[in-house]
file model-v2.cif (mmCIF, C-alpha atoms)
data_final
#
loop_
_atom_site.label_atom_id
_atom_site.label_comp_id
_atom_site.auth_asym_id
_atom_site.auth_seq_id
_atom_site.Cartn_x
_atom_site.Cartn_y
_atom_site.Cartn_z
CA MET A 55 -13.69 -32.54 30.36
CA THR A 56 -13.54 -29.15 28.62
CA TRP A 57 -12.08 -28.79 25.14
CA SER A 58 -13.18 -26.24 22.57
CA PHE A 59 -11.98 -24.40 19.48
CA GLU A 60 -14.86 -21.92 19.58
CA THR A 61 -14.84 -18.19 20.32
CA ASP A 62 -17.76 -16.80 22.31
CA ALA A 63 -20.20 -14.76 20.24
CA ASP A 64 -19.53 -11.40 21.91
CA PHE A 65 -15.78 -11.56 21.41
CA GLN A 66 -16.19 -12.87 17.86
CA GLU A 67 -18.21 -9.74 17.16
CA SER A 68 -15.26 -7.70 18.43
CA LEU A 69 -12.86 -9.70 16.24
CA ASP A 70 -15.04 -9.08 13.19
CA TRP A 71 -14.99 -5.36 13.95
CA ILE A 72 -11.20 -5.40 14.44
CA ASP A 73 -10.79 -7.15 11.08
CA THR A 74 -12.84 -4.54 9.22
CA PHE A 75 -11.29 -1.63 11.14
CA THR A 76 -7.77 -2.91 10.41
CA LYS A 77 -8.38 -3.32 6.68
CA GLU A 78 -10.25 -0.04 6.19
CA GLU A 79 -8.55 2.34 8.64
CA ILE A 80 -5.18 0.95 9.75
CA GLU A 81 -3.64 -0.78 6.72
CA PRO A 82 -3.83 2.45 4.65
CA LEU A 83 -1.41 4.01 7.18
CA ASP A 84 1.27 1.63 5.88
CA LEU A 85 0.99 3.23 2.45
CA VAL A 86 1.26 6.83 3.68
CA PHE A 87 3.75 6.72 6.56
CA ARG A 88 6.76 4.71 5.39
CA GLU A 89 9.66 5.79 7.61
CA PRO A 90 11.15 3.06 9.85
CA GLY A 91 9.95 4.58 13.12
CA ASP A 92 6.54 5.91 12.11
CA PRO A 93 4.34 3.41 14.00
CA TRP A 94 6.15 4.03 17.32
CA ASP A 95 7.58 7.57 17.26
CA PRO A 96 5.31 10.02 19.16
CA ASN A 97 6.81 12.87 17.11
CA SER A 98 6.06 11.28 13.74
CA PRO A 99 3.25 12.77 11.62
CA ALA A 100 1.74 9.28 11.85
CA ALA A 101 1.00 9.84 15.55
CA ALA A 102 -1.57 12.51 14.69
CA ALA A 103 -3.18 10.18 12.16
CA MET A 104 -3.37 7.39 14.73
CA ALA A 105 -4.80 9.58 17.52
CA PRO A 106 -8.49 9.46 16.43
CA LEU A 107 -8.20 5.76 15.64
CA ARG A 108 -6.87 5.10 19.13
CA GLU A 109 -9.83 6.93 20.65
CA ILE A 110 -12.20 4.69 18.70
CA VAL A 111 -10.34 1.61 19.97
CA LYS A 112 -10.56 2.88 23.56
CA SER A 113 -14.29 3.50 23.17
CA LYS A 114 -14.64 -0.14 22.09
CA ARG A 115 -12.78 -1.28 25.24
CA LEU A 116 -10.04 -2.86 23.11
CA TRP A 117 -7.09 -0.69 24.17
CA ALA A 118 -4.02 -2.39 25.73
CA CYS A 119 -5.84 -5.69 26.13
CA HIS A 120 -2.63 -7.41 27.28
CA LEU A 121 -2.66 -5.43 30.53
CA GLU A 122 -4.72 -5.93 33.65
CA PRO A 123 -7.50 -3.39 34.34
CA GLU A 124 -5.53 -1.67 37.10
CA LEU A 125 -2.95 -0.71 34.46
CA GLY A 126 -5.50 0.65 32.01
CA GLY A 127 -5.97 -2.57 30.00
CA GLN A 128 -8.79 -5.07 29.69
CA GLY A 129 -7.13 -8.22 31.06
CA TYR A 130 -8.51 -10.36 28.27
CA GLY A 131 -5.77 -12.98 28.51
CA GLN A 132 -3.38 -14.41 25.95
CA VAL A 133 -5.82 -16.44 23.86
CA ALA A 134 -7.96 -13.38 23.23
CA LEU A 135 -4.83 -11.36 22.54
CA GLY A 136 -3.65 -14.03 20.10
CA LEU A 137 -6.91 -13.87 18.16
CA MET A 138 -6.62 -10.09 18.04
CA ASN A 139 -2.95 -9.98 17.14
CA GLU A 140 -3.29 -12.33 14.18
CA ILE A 141 -5.49 -9.61 12.68
CA LEU A 142 -3.36 -6.65 13.82
CA GLY A 143 -0.23 -8.34 12.44
CA ARG A 144 -1.43 -7.47 8.93
CA SER A 145 -0.20 -3.90 9.44
CA ARG A 146 2.90 -2.29 10.95
CA PHE A 147 0.53 0.14 12.66
CA GLY A 148 -1.96 -2.40 14.02
CA PRO A 149 -0.43 -2.98 17.47
CA SER A 150 0.29 0.76 17.95
CA VAL A 151 -3.32 1.72 17.23
CA PHE A 152 -4.49 -0.86 19.78
CA GLY A 153 -1.89 0.01 22.46
CA CYS A 154 -0.06 -3.34 22.46
CA GLN A 155 3.06 -2.40 20.47
CA ALA A 156 6.52 -3.74 21.24
CA PRO A 157 8.72 -2.95 23.07
CA ASP A 158 6.44 -0.58 24.99
CA SER A 159 4.01 -3.32 26.05
CA GLY A 160 6.71 -5.38 27.78
CA ASN A 161 8.48 -2.37 29.24
CA ALA A 162 5.21 -1.22 30.78
CA GLU A 163 4.87 -4.57 32.53
CA ILE A 164 8.38 -4.21 33.99
CA LEU A 165 7.67 -0.70 35.28
CA ALA A 166 4.33 -1.78 36.70
CA LYS A 167 5.96 -4.58 38.67
CA PHE A 168 9.33 -3.10 39.62
CA GLY A 169 9.11 0.69 39.20
CA THR A 170 8.85 3.24 41.99
CA GLU A 171 5.71 5.34 42.40
CA ASP A 172 7.54 8.30 40.89
CA GLN A 173 8.65 6.23 37.88
CA LYS A 174 5.13 4.96 37.36
CA GLU A 175 3.81 8.52 37.41
CA ARG A 176 6.50 9.98 35.14
CA PHE A 177 6.96 7.10 32.71
CA LEU A 178 4.39 4.32 33.05
CA LYS A 179 1.25 6.43 32.75
CA PRO A 180 2.31 8.32 29.60
CA LEU A 181 3.69 5.09 28.14
CA LEU A 182 0.37 3.31 28.63
CA ASN A 183 -1.35 6.24 26.94
CA ALA A 184 1.13 6.14 24.00
CA ASP A 185 2.27 9.69 24.73
CA ILE A 186 5.89 8.53 24.92
CA ALA A 187 7.95 5.62 23.56
CA SER A 188 10.46 3.36 25.33
CA CYS A 189 13.44 1.14 24.54
CA TYR A 190 14.69 -2.21 25.84
CA SER A 191 18.47 -2.40 25.50
CA MET A 192 20.13 -5.75 26.12
CA THR A 193 22.31 -7.01 23.25
CA GLU A 194 25.91 -5.89 22.70
CA PRO A 195 27.97 -5.64 19.48
CA GLN A 196 30.59 -8.21 20.46
CA ALA A 197 28.14 -10.59 22.16
CA GLY A 198 24.84 -10.47 20.32
CA ALA A 199 22.31 -12.07 22.65
CA ASP A 200 24.86 -14.15 24.60
CA PRO A 201 24.83 -12.59 28.09
CA GLY A 202 27.96 -14.51 29.03
CA GLU A 203 29.91 -12.19 26.73
CA PHE A 204 28.43 -8.92 28.00
CA LEU A 205 30.95 -6.18 28.80
CA CYS A 206 28.70 -3.21 29.61
CA THR A 207 28.95 -2.66 33.36
CA ALA A 208 27.53 -0.54 36.15
CA THR A 209 29.39 0.17 39.37
CA ARG A 210 27.95 1.67 42.54
CA ASP A 211 29.22 5.11 43.55
CA GLY A 212 27.34 6.40 46.56
CA ASP A 213 23.73 7.11 45.59
CA GLU A 214 24.43 6.52 41.90
CA TRP A 215 25.37 3.78 39.48
CA VAL A 216 27.93 4.51 36.77
CA ILE A 217 27.39 2.74 33.43
CA ASN A 218 30.22 2.09 30.95
CA GLY A 219 30.13 0.05 27.75
CA GLU A 220 28.24 -0.36 24.50
CA LYS A 221 24.82 -1.66 23.48
CA TRP A 222 23.67 -2.76 20.05
CA PHE A 223 20.30 -2.87 18.24
CA ALA A 224 18.52 -0.92 20.97
CA SER A 225 15.20 -0.56 19.18
CA HIS A 226 13.53 2.87 19.28
CA ALA A 227 16.25 4.44 21.43
CA ARG A 228 16.42 7.52 19.20
CA PHE A 229 12.90 8.68 20.10
CA SER A 230 12.36 6.97 23.46
CA ALA A 231 11.75 8.89 26.67
CA PHE A 232 13.66 6.22 28.58
CA LEU A 233 15.61 2.99 28.08
CA LEU A 234 15.65 -0.16 30.17
CA VAL A 235 19.29 -1.23 30.01
CA MET A 236 20.69 -4.59 31.15
CA VAL A 237 24.26 -4.37 32.43
CA VAL A 238 26.74 -6.41 34.47
CA THR A 239 26.79 -5.30 38.09
CA ASN A 240 28.78 -8.23 39.53
CA PRO A 241 31.36 -9.80 37.18
CA ASP A 242 32.47 -12.29 39.84
CA VAL A 243 29.33 -14.45 39.70
CA PRO A 244 27.54 -16.21 36.82
CA ILE A 245 25.88 -13.69 34.53
CA HIS A 246 22.36 -14.83 35.43
CA LYS A 247 23.09 -13.74 38.98
CA GLY A 248 25.26 -10.75 38.17
CA ALA A 249 23.20 -8.67 35.74
CA SER A 250 20.78 -5.87 36.56
CA ILE A 251 18.36 -3.61 34.69
CA PHE A 252 18.40 0.18 35.01
CA LEU A 253 16.05 2.87 33.80
CA VAL A 254 18.08 5.46 31.88
CA GLU A 255 16.33 8.67 30.86
CA GLN A 256 16.83 10.05 27.38
CA GLY A 257 19.40 12.84 27.47
CA THR A 258 21.30 11.47 30.46
CA PRO A 259 24.92 12.72 30.17
CA GLY A 260 27.28 9.95 29.09
CA MET A 261 24.76 8.11 26.90
CA ASP A 262 25.30 8.73 23.19
CA ILE A 263 23.87 7.07 20.08
CA ILE A 264 26.73 6.22 17.71
CA ARG A 265 24.37 5.40 14.81
CA ASN A 266 20.99 3.90 13.96
CA SER A 267 20.45 0.83 11.81
CA ALA A 268 17.37 -0.23 9.87
CA VAL A 269 16.09 -3.72 9.07
CA GLY A 270 16.47 -4.29 5.35
CA PRO A 271 17.56 -1.70 2.79
CA TYR A 272 16.41 1.90 3.10
CA VAL A 273 17.32 4.85 0.89
CA GLU A 274 19.34 6.62 3.57
CA GLN A 275 21.61 4.44 5.69
CA GLY A 276 21.62 5.46 9.35
CA ASP A 277 17.95 6.45 9.39
CA GLY A 278 16.73 3.29 11.13
CA VAL A 279 15.40 2.80 14.65
CA HIS A 280 17.89 0.26 16.05
CA ALA A 281 20.58 2.14 17.93
CA TYR A 282 24.25 1.45 18.56
CA ILE A 283 24.85 3.16 21.92
CA GLU A 284 27.90 4.11 23.93
CA PHE A 285 27.76 4.62 27.70
CA LYS A 286 30.71 6.56 29.08
CA ASN A 287 30.57 7.32 32.80
CA CYS A 288 26.80 7.57 32.51
CA ARG A 289 25.40 8.22 35.98
CA VAL A 290 21.90 7.19 37.05
CA PRO A 291 20.28 7.39 40.52
CA ALA A 292 20.37 4.24 42.63
CA SER A 293 16.56 4.29 42.58
CA ASN A 294 16.70 3.60 38.82
CA LEU A 295 17.67 0.00 39.54
CA LEU A 296 14.61 -2.11 38.69
CA GLY A 297 14.25 -5.06 41.02
CA GLU A 298 17.12 -6.24 43.17
CA GLU A 299 20.78 -5.98 42.15
CA GLY A 300 21.67 -9.16 40.25
CA ASP A 301 18.05 -9.99 39.36
CA GLY A 302 18.17 -8.57 35.84
CA PHE A 303 17.13 -11.80 34.15
CA LEU A 304 14.28 -12.31 36.60
CA VAL A 305 13.04 -8.81 35.76
CA ALA A 306 13.56 -9.40 32.03
CA GLN A 307 11.43 -12.55 32.09
CA THR A 308 8.47 -10.30 32.88
CA ARG A 309 8.63 -9.02 29.30
CA LEU A 310 10.57 -11.55 27.21
CA GLY A 311 8.14 -14.47 27.47
CA GLY A 312 5.16 -12.35 26.46
CA GLY A 313 7.14 -10.55 23.78
CA ARG A 314 8.12 -13.80 22.09
CA VAL A 315 4.60 -15.18 21.94
CA HIS A 316 3.26 -11.84 20.71
CA HIS A 317 5.77 -11.89 17.82
CA ALA A 318 4.35 -15.29 16.90
CA MET A 319 0.75 -14.08 17.16
CA ARG A 320 1.41 -11.19 14.80
CA SER A 321 3.30 -13.49 12.43
CA VAL A 322 0.08 -15.47 11.93
CA GLY A 323 -1.39 -12.28 10.49
CA VAL A 324 1.57 -11.83 8.14
CA ILE A 325 1.23 -15.43 6.93
CA ARG A 326 -2.50 -15.08 6.35
CA LYS A 327 -1.95 -11.86 4.40
CA ALA A 328 0.61 -13.61 2.18
CA ILE A 329 -1.87 -16.43 1.51
CA ASP A 330 -4.59 -13.88 0.68
CA MET A 331 -2.34 -12.34 -1.95
CA MET A 332 -1.28 -15.76 -3.25
CA CYS A 333 -4.88 -16.88 -3.74
CA GLU A 334 -6.01 -13.66 -5.43
CA ARG A 335 -3.06 -13.87 -7.81
CA ALA A 336 -3.77 -17.52 -8.63
CA LEU A 337 -7.39 -16.72 -9.48
CA SER A 338 -6.51 -13.65 -11.54
CA ARG A 339 -3.62 -14.63 -13.83
CA LYS A 340 -3.48 -16.98 -16.79
CA THR A 341 -0.52 -18.71 -18.37
CA LYS A 342 -0.43 -21.41 -21.05
CA GLY A 343 -4.15 -20.98 -21.57
CA GLU A 344 -5.39 -21.55 -18.01
CA LEU A 345 -5.58 -19.87 -14.63
CA LEU A 346 -2.66 -20.33 -12.26
CA ALA A 347 -5.23 -21.69 -9.79
CA ASP A 348 -5.97 -24.59 -12.13
CA LYS A 349 -2.36 -25.74 -12.26
CA GLN A 350 -1.49 -28.55 -9.87
CA MET A 351 1.88 -27.04 -8.88
CA THR A 352 0.07 -23.84 -7.85
CA GLN A 353 -2.50 -25.87 -5.93
CA GLU A 354 0.33 -27.65 -4.12
CA LYS A 355 1.85 -24.30 -3.09
CA ILE A 356 -1.49 -23.05 -1.76
CA ALA A 357 -2.28 -26.31 0.04
CA ASP A 358 1.15 -26.42 1.70
CA ALA A 359 0.93 -22.76 2.74
CA TYR A 360 -2.53 -23.25 4.27
CA THR A 361 -1.45 -26.38 6.15
CA ILE A 362 1.68 -24.71 7.49
CA MET A 363 -0.35 -21.69 8.66
CA MET A 364 -2.96 -23.79 10.45
CA GLN A 365 -0.39 -25.97 12.23
CA TYR A 366 1.56 -22.90 13.35
CA ARG A 367 -1.57 -20.95 14.34
CA LEU A 368 -2.90 -23.75 16.52
CA HIS A 369 0.48 -24.11 18.25
CA VAL A 370 0.52 -20.37 18.95
CA LEU A 371 -3.00 -20.43 20.39
CA TYR A 372 -2.19 -23.55 22.44
CA THR A 373 0.78 -21.71 23.93
CA ALA A 374 -1.42 -18.70 24.70
CA TRP A 375 -3.92 -21.05 26.37
CA LEU A 376 -1.14 -22.51 28.53
CA ILE A 377 -0.13 -19.01 29.69
CA ASP A 378 -3.74 -18.24 30.62
CA LYS A 379 -4.00 -21.57 32.43
CA HIS A 380 -0.82 -21.35 34.50
CA LYS A 381 -0.73 -17.55 34.97
CA GLU A 382 3.07 -17.70 34.86
CA TYR A 383 5.95 -18.54 32.56
CA ASN A 384 6.68 -21.93 34.09
CA ARG A 385 8.78 -24.68 32.51
CA GLU A 386 5.93 -26.08 30.39
CA VAL A 387 5.00 -22.64 29.08
CA ARG A 388 8.60 -21.65 28.31
CA LYS A 389 9.08 -24.83 26.25
CA GLU A 390 6.13 -24.03 24.01
CA ILE A 391 7.10 -20.36 23.70
CA ALA A 392 10.58 -21.42 22.62
CA ALA A 393 9.11 -23.87 20.09
CA ILE A 394 6.90 -21.32 18.35
CA LYS A 395 9.62 -18.68 18.50
CA ALA A 396 12.01 -21.07 16.74
CA ALA A 397 9.36 -21.97 14.16
CA THR A 398 8.40 -18.38 13.32
CA PRO A 399 11.10 -17.41 10.78
CA LYS A 400 10.97 -20.81 9.06
CA VAL A 401 7.19 -20.76 8.67
CA LEU A 402 7.21 -17.16 7.46
CA LEU A 403 9.96 -17.87 4.94
CA GLU A 404 8.18 -20.90 3.51
CA VAL A 405 4.85 -19.13 3.00
CA VAL A 406 6.09 -15.68 1.95
CA SER A 407 8.60 -17.18 -0.49
CA ARG A 408 5.83 -19.25 -2.11
CA ALA A 409 3.68 -16.15 -2.47
CA MET A 410 6.55 -14.13 -3.94
CA HIS A 411 7.34 -16.86 -6.48
CA LEU A 412 3.72 -17.11 -7.57
CA HIS A 413 3.75 -13.36 -8.33
CA GLY A 414 6.79 -13.63 -10.57
CA SER A 415 8.81 -10.42 -10.98
CA LEU A 416 6.04 -8.40 -9.33
CA GLY A 417 6.51 -10.39 -6.14
CA SER A 418 10.17 -9.44 -5.81
CA SER A 419 9.53 -5.78 -6.62
CA ASP A 420 8.57 -2.98 -4.24
CA GLU A 421 5.07 -2.81 -5.78
CA THR A 422 3.55 -5.41 -3.45
CA PRO A 423 4.05 -5.83 0.32
CA LEU A 424 5.71 -9.23 -0.20
CA ALA A 425 9.33 -8.11 -0.61
CA HIS A 426 9.14 -6.02 2.56
CA MET A 427 7.55 -8.93 4.45
CA TRP A 428 10.35 -11.19 3.22
CA ALA A 429 13.08 -8.70 4.25
CA ASN A 430 11.81 -8.66 7.84
CA ILE A 431 11.96 -12.44 8.31
CA PRO A 432 15.67 -12.76 9.28
CA GLU A 433 15.14 -10.29 12.14
CA LEU A 434 12.61 -12.64 13.74
CA GLY A 435 15.26 -15.36 13.81
CA VAL A 436 17.47 -13.31 16.14
CA VAL A 437 15.34 -10.85 18.16
CA ASP A 438 14.50 -12.04 21.69
CA GLY A 439 17.16 -14.74 21.30
CA PRO A 440 18.40 -16.59 18.20
CA THR A 441 16.56 -19.62 16.87
CA GLU A 442 19.35 -22.00 17.91
CA VAL A 443 19.02 -21.01 21.57
CA HIS A 444 15.28 -21.63 21.53
CA LYS A 445 15.69 -25.01 19.84
CA ILE A 446 18.13 -26.06 22.57
CA ALA A 447 15.56 -24.99 25.18
CA VAL A 448 12.86 -27.02 23.44
CA ALA A 449 15.05 -30.11 23.22
CA LYS A 450 15.98 -29.90 26.90
CA GLY A 451 12.32 -29.47 27.81
CA VAL A 452 11.30 -32.50 25.76
CA LEU A 453 14.12 -34.69 27.11
CA ARG A 454 13.06 -33.98 30.71
CA ASP A 455 10.02 -36.18 30.11
CA TYR A 456 12.16 -39.20 29.23
CA ALA A 457 14.56 -41.50 31.06
CA PRO A 458 17.49 -43.61 29.82
CA HIS A 459 17.14 -47.38 29.38
CA ASP A 460 19.90 -49.31 31.14
CA GLU A 461 19.65 -52.62 29.28
CA LEU A 462 21.86 -53.61 26.33
CA PHE A 463 19.04 -53.14 23.81
CA PRO A 464 16.49 -50.30 23.90
CA SER A 465 13.10 -50.61 25.58
CA TYR A 466 11.45 -50.76 22.15
CA HIS A 467 13.69 -53.66 20.98
CA THR A 468 11.26 -55.82 18.98
CA PRO A 469 12.58 -59.33 19.89
CA THR A 470 12.54 -58.48 23.59
CA GLN A 471 9.06 -56.97 23.39
CA ARG A 472 7.76 -59.93 21.36
CA ALA A 473 9.03 -62.39 23.96
CA GLN A 474 7.19 -60.42 26.64
CA ALA A 475 4.05 -60.27 24.51
CA LEU A 476 4.15 -64.04 23.89
CA GLU A 477 4.24 -64.64 27.64
CA LYS A 478 1.07 -62.58 27.94
CA TYR A 479 -0.89 -63.69 24.91
CA GLY A 480 1.01 -66.70 23.46
CA HIS A 481 -1.40 -69.27 24.92
CA TYR A 482 -4.03 -68.09 22.41
CA LEU A 483 -1.75 -69.33 19.60
CA GLU A 484 -1.55 -72.77 21.24
CA SER A 485 -5.35 -73.09 21.36
#

call {"tool": "encode", "arguments": {"input": "model-v2.cif", "output": "structure tokens"}}
result
Amino acid sequence: MTWSFETDADFQESLDWIDTFTKEEIEPLDLVFREPGDPWDPNSPAAAAMAPLREIVKSKRLWACHLEPELGGQGYGQVALGLMNEILGRSRFGPSVFGCQAPDSGNAEILAKFGTEDQKERFLKPLLNADIASCYSMTEPQAGADPGEFLCTATRDGDEWVINGEKWFASHARFSAFLLVMVVTNPDVPIHKGASIFLVEQGTPGMDIIRNSAVGPYVEQGDGVHAYIEFKNCRVPASNLLGEEGDGFLVAQTRLGGGRVHHAMRSVGVIRKAIDMMCERALSRKTKGELLADKQMTQEKIADAYTIMMQYRLHVLYTAWLIDKHKEYNREVRKEIAAIKAATPKVLLEVVSRAMHLHGSLGSSDETPLAHMWANIPELGVVDGPTEVHKIAVAKGVLRDYAPHDELFPSYHTPTQRAQALEKYGHYLES
């Protein structure tokens, strides 16, 4: 029997270095580069600031740890990545400095598995090196994340596919070198058999960004990184189809499962950062003649926040362990990924809200990170599928392990069970 909550000494040394490096070198980037796309845009001034940090990370053999060695990563596995990401999640720039930023990480996996040799040379290599950015475009304005309502289509015309329709919240499209776009290629079959994914290069005629949205309020509306896109007779080569025609959801699963668990891993870092601020505040401020930390209602807030974080963190790491064990996103793994994905916004809201309240007016101002952390929470309830969809998946997964009871009363009916127990042990009462 093998069961352990320990980290081997060598990797713990790496984690300690990552923690110090993140606090001293990466978190300050958040205070200097504040535009919505700065951590991901290769043309942002932030890219030059990140370049020497990335070289240090590469020298430590910690670059792109989610990828296998043949793709330029370290192949550390999901548990190791979870332990890293809960540190990197403290900063918007953390994943980008370590080469595991979304959506590029998942898009790289799709290209590695389904791209042509030319596509790997032109797009995958520079993407893995963070020289370019990419976009994953799936949701639509009238449908959200419900693929059954998708209207964006692609039809075959000789050696090309012609794309028509609209896409919504296509993150990073404005500065991406290419987009991976899911469209309907066969409307006569169920969507999970009739959708396909195409690589669309930036600047392809017929693809136009209508506007860009940001998460939360920014000074200038339209300066965000989530694009509303129109495709109008947009032609792409037939070779830009990734995977087989109709296998779009099979291709997408290559990135969506990992993306969801990585969101959760980074959210552990956000929660821990909120607790750090909560505890410092409680030990620093007095009211009614005593420290906030000495007040029982404050202690309750801190205790609840810590308990919530630990329960969530262990579930995230258990899910990562399952992925490492099975080496695929099987039914058991998908259930746990759905569970932590559904829990993420709720857990974040509970802890961040407690921290904000403990800071009083300062907590709701723009003079601490808390208000920005709070504003990002609703997004995590809808990206990569809304919470309700994941809860349904969890419930179905749990119910598969049970069977109905055909008798009039349930199997746990106490009088029936007692009668059976008396038959087994009743003679001891007689003696």

call {"tool": "resolve_selection", "arguments": {"input": "model-v2.cif", "expression": "the PyMOL selection byres ((chain A and resi 382) around 12)", "output": "number ranges by chain"}}
result
A: 131-132, 307-309, 311-312, 373-381, 383-388

call {"tool": "write_last_selection", "arguments": {"input": "model-v2.cif", "atoms": "C-alpha atoms", "output": "compact mmCIF listing (two decimals), in the coordinates of the input"}}
result
# COMPACT_ATOMS: atom_id res chain seq x y z
CA GLY A 131 -5.77 -12.98 28.51
CA GLN A 132 -3.38 -14.41 25.95
CA GLN A 307 11.43 -12.55 32.09
CA THR A 308 8.47 -10.30 32.88
CA ARG A 309 8.63 -9.02 29.30
CA GLY A 311 8.14 -14.47 27.47
CA GLY A 312 5.16 -12.35 26.46
CA THR A 373 0.78 -21.71 23.93
CA ALA A 374 -1.42 -18.70 24.70
CA TRP A 375 -3.92 -21.05 26.37
CA LEU A 376 -1.14 -22.51 28.53
CA ILE A 377 -0.13 -19.01 29.69
CA ASP A 378 -3.74 -18.24 30.62
CA LYS A 379 -4.00 -21.57 32.43
CA HIS A 380 -0.82 -21.35 34.50
CA LYS A 381 -0.73 -17.55 34.97
CA TYR A 383 5.95 -18.54 32.56
CA ASN A 384 6.68 -21.93 34.09
CA ARG A 385 8.78 -24.68 32.51
CA GLU A 386 5.93 -26.08 30.39
CA VAL A 387 5.00 -22.64 29.08
CA ARG A 388 8.60 -21.65 28.31

call {"tool": "resolve_selection", "arguments": {"input": "model-v2.cif", "expression": "the PyMOL selection byres ((chain A and resi 222) around 6)", "output": "PDB file with C-alpha atoms, in the coordinates of the input"}}
result
ATOM      1  CA  THR A 193      22.310  -7.010  23.250  1.00  0.00           C
ATOM      2  CA  GLU A 194      25.910  -5.890  22.700  1.00  0.00           C
ATOM      3  CA  PRO A 195      27.970  -5.640  19.480  1.00  0.00           C
ATOM      4  CA  LYS A 221      24.820  -1.660  23.480  1.00  0.00           C
ATOM      5  CA  PHE A 223      20.300  -2.870  18.240  1.00  0.00           C
ATOM      6  CA  ALA A 224      18.520  -0.920  20.970  1.00  0.00           C
ATOM      7  CA  TYR A 282      24.250   1.450  18.560  1.00  0.00           C
TER       8      TYR A 282
END

call {"tool": "residues_around", "arguments": {"input": "model-v2.cif", "residues": "stretch 118-120 of chain A", "least_positions_apart": "4", "cutoff": "6 Å", "atoms": "all atoms listed in the file", "output": "PyMOL selection string"}}
result
chain A and resi 127-130+153-154

call {"tool": "axis_aligned_box", "arguments": {"input": "model-v2.cif", "around": "stretch 246-251 of chain A", "padding_each_side": "4 Å", "output": "JSON"}}
result
{"center_x": 21.8, "center_y": -9.2, "center_z": 36.8, "size_x": 14.9, "size_y": 19.2, "size_z": 12.3}

call {"tool": "resolve_selection", "arguments": {"input": "model-v2.cif", "expression": "the PyMOL selection byres ((chain A and resi 306) around 12)", "output": "compact mmCIF listing (two decimals) with C-alpha atoms, in the frame of the given file"}}
result
# COMPACT_ATOMS: atom_id res chain seq x y z
CA GLY A 160 6.71 -5.38 27.78
CA ASN A 161 8.48 -2.37 29.24
CA ALA A 162 5.21 -1.22 30.78
CA GLU A 163 4.87 -4.57 32.53
CA ILE A 164 8.38 -4.21 33.99
CA LEU A 165 7.67 -0.70 35.28
CA LYS A 167 5.96 -4.58 38.67
CA PHE A 168 9.33 -3.10 39.62
CA TYR A 190 14.69 -2.21 25.84
CA SER A 191 18.47 -2.40 25.50
CA MET A 192 20.13 -5.75 26.12
CA LEU A 234 15.65 -0.16 30.17
CA VAL A 235 19.29 -1.23 30.01
CA MET A 236 20.69 -4.59 31.15
CA VAL A 237 24.26 -4.37 32.43
CA HIS A 246 22.36 -14.83 35.43
CA ALA A 249 23.20 -8.67 35.74
CA SER A 250 20.78 -5.87 36.56
CA ILE A 251 18.36 -3.61 34.69
CA PHE A 252 18.40 0.18 35.01
CA LEU A 296 14.61 -2.11 38.69
CA GLY A 297 14.25 -5.06 41.02
CA GLY A 300 21.67 -9.16 40.25
CA ASP A 301 18.05 -9.99 39.36
CA GLY A 302 18.17 -8.57 35.84
CA PHE A 303 17.13 -11.80 34.15
CA LEU A 304 14.28 -12.31 36.60
CA VAL A 305 13.04 -8.81 35.76
CA GLN A 307 11.43 -12.55 32.09
CA THR A 308 8.47 -10.30 32.88
CA ARG A 309 8.63 -9.02 29.30
CA LEU A 310 10.57 -11.55 27.21
CA GLY A 311 8.14 -14.47 27.47
CA GLY A 312 5.16 -12.35 26.46
CA GLY A 313 7.14 -10.55 23.78
CA TYR A 383 5.95 -18.54 32.56
CA ASP A 438 14.50 -12.04 21.69

call {"tool": "atom_distance", "arguments": {"input": "model-v2.cif", "atom1": "atom CA of A:Val401", "atom2": "atom CA of A:Met138"}}
result
19.8 Å

call {"tool": "closest_atom_pairs", "arguments": {"input": "model-v2.cif", "of": "stretch 150-198 of chain A", "to": "stretch 96-117 of chain A", "cutoff": "6 Å", "atoms": "all atoms listed in the file", "output": "CSV"}}
result
residue,atom,partner,partner_atom,distance
A:Val151,CA,A:Arg108,CA,5.3
A:Phe152,CA,A:Trp117,CA,5.1
A:Gly153,CA,A:Trp117,CA,5.5
A:Ile186,CA,A:Pro96,CA,6.0

call {"tool": "write_last_selection", "arguments": {"input": "model-v2.cif", "atoms": "C-alpha atoms", "output": "short mmCIF file (atom, residue, chain, number, x, y, z; two decimals), in the coordinates of the input"}}
result
data_model
loop_
_atom_site.label_atom_id
_atom_site.label_comp_id
_atom_site.auth_asym_id
_atom_site.auth_seq_id
_atom_site.Cartn_x
_atom_site.Cartn_y
_atom_site.Cartn_z
CA VAL A 151 -3.32 1.72 17.23
CA PHE A 152 -4.49 -0.86 19.78
CA GLY A 153 -1.89 0.01 22.46
CA ILE A 186 5.89 8.53 24.92
#

call {"tool": "atom_distance", "arguments": {"input": "model-v2.cif", "atom1": "atom CA of A:Val452", "atom2": "atom CA of A:Gly435"}}
result
21.3 Å

call {"tool": "atom_distance", "arguments": {"input": "model-v2.cif", "atom1": "atom CA of A:Lys179", "atom2": "atom CA of A:Ala231"}}
result
12.4 Å

call {"tool": "residues_around", "arguments": {"input": "model-v2.cif", "residues": "stretch 441-447 of chain A", "least_positions_apart": "3", "cutoff": "7 Å", "atoms": "all atoms listed in the file", "output": "MDAnalysis selection string"}}
result
chainID A and resid 389 392:393 396 435:436 450:451

call {"tool": "residues_near_point", "arguments": {"input": "model-v2.cif", "point": "(30.1, 7.0, 28.5)", "cutoff": "10 Å", "atoms": "all atoms listed in the file", "output": "VMD selection string"}}
result
chain A and resid 216 to 220 259 to 262 283 to 289
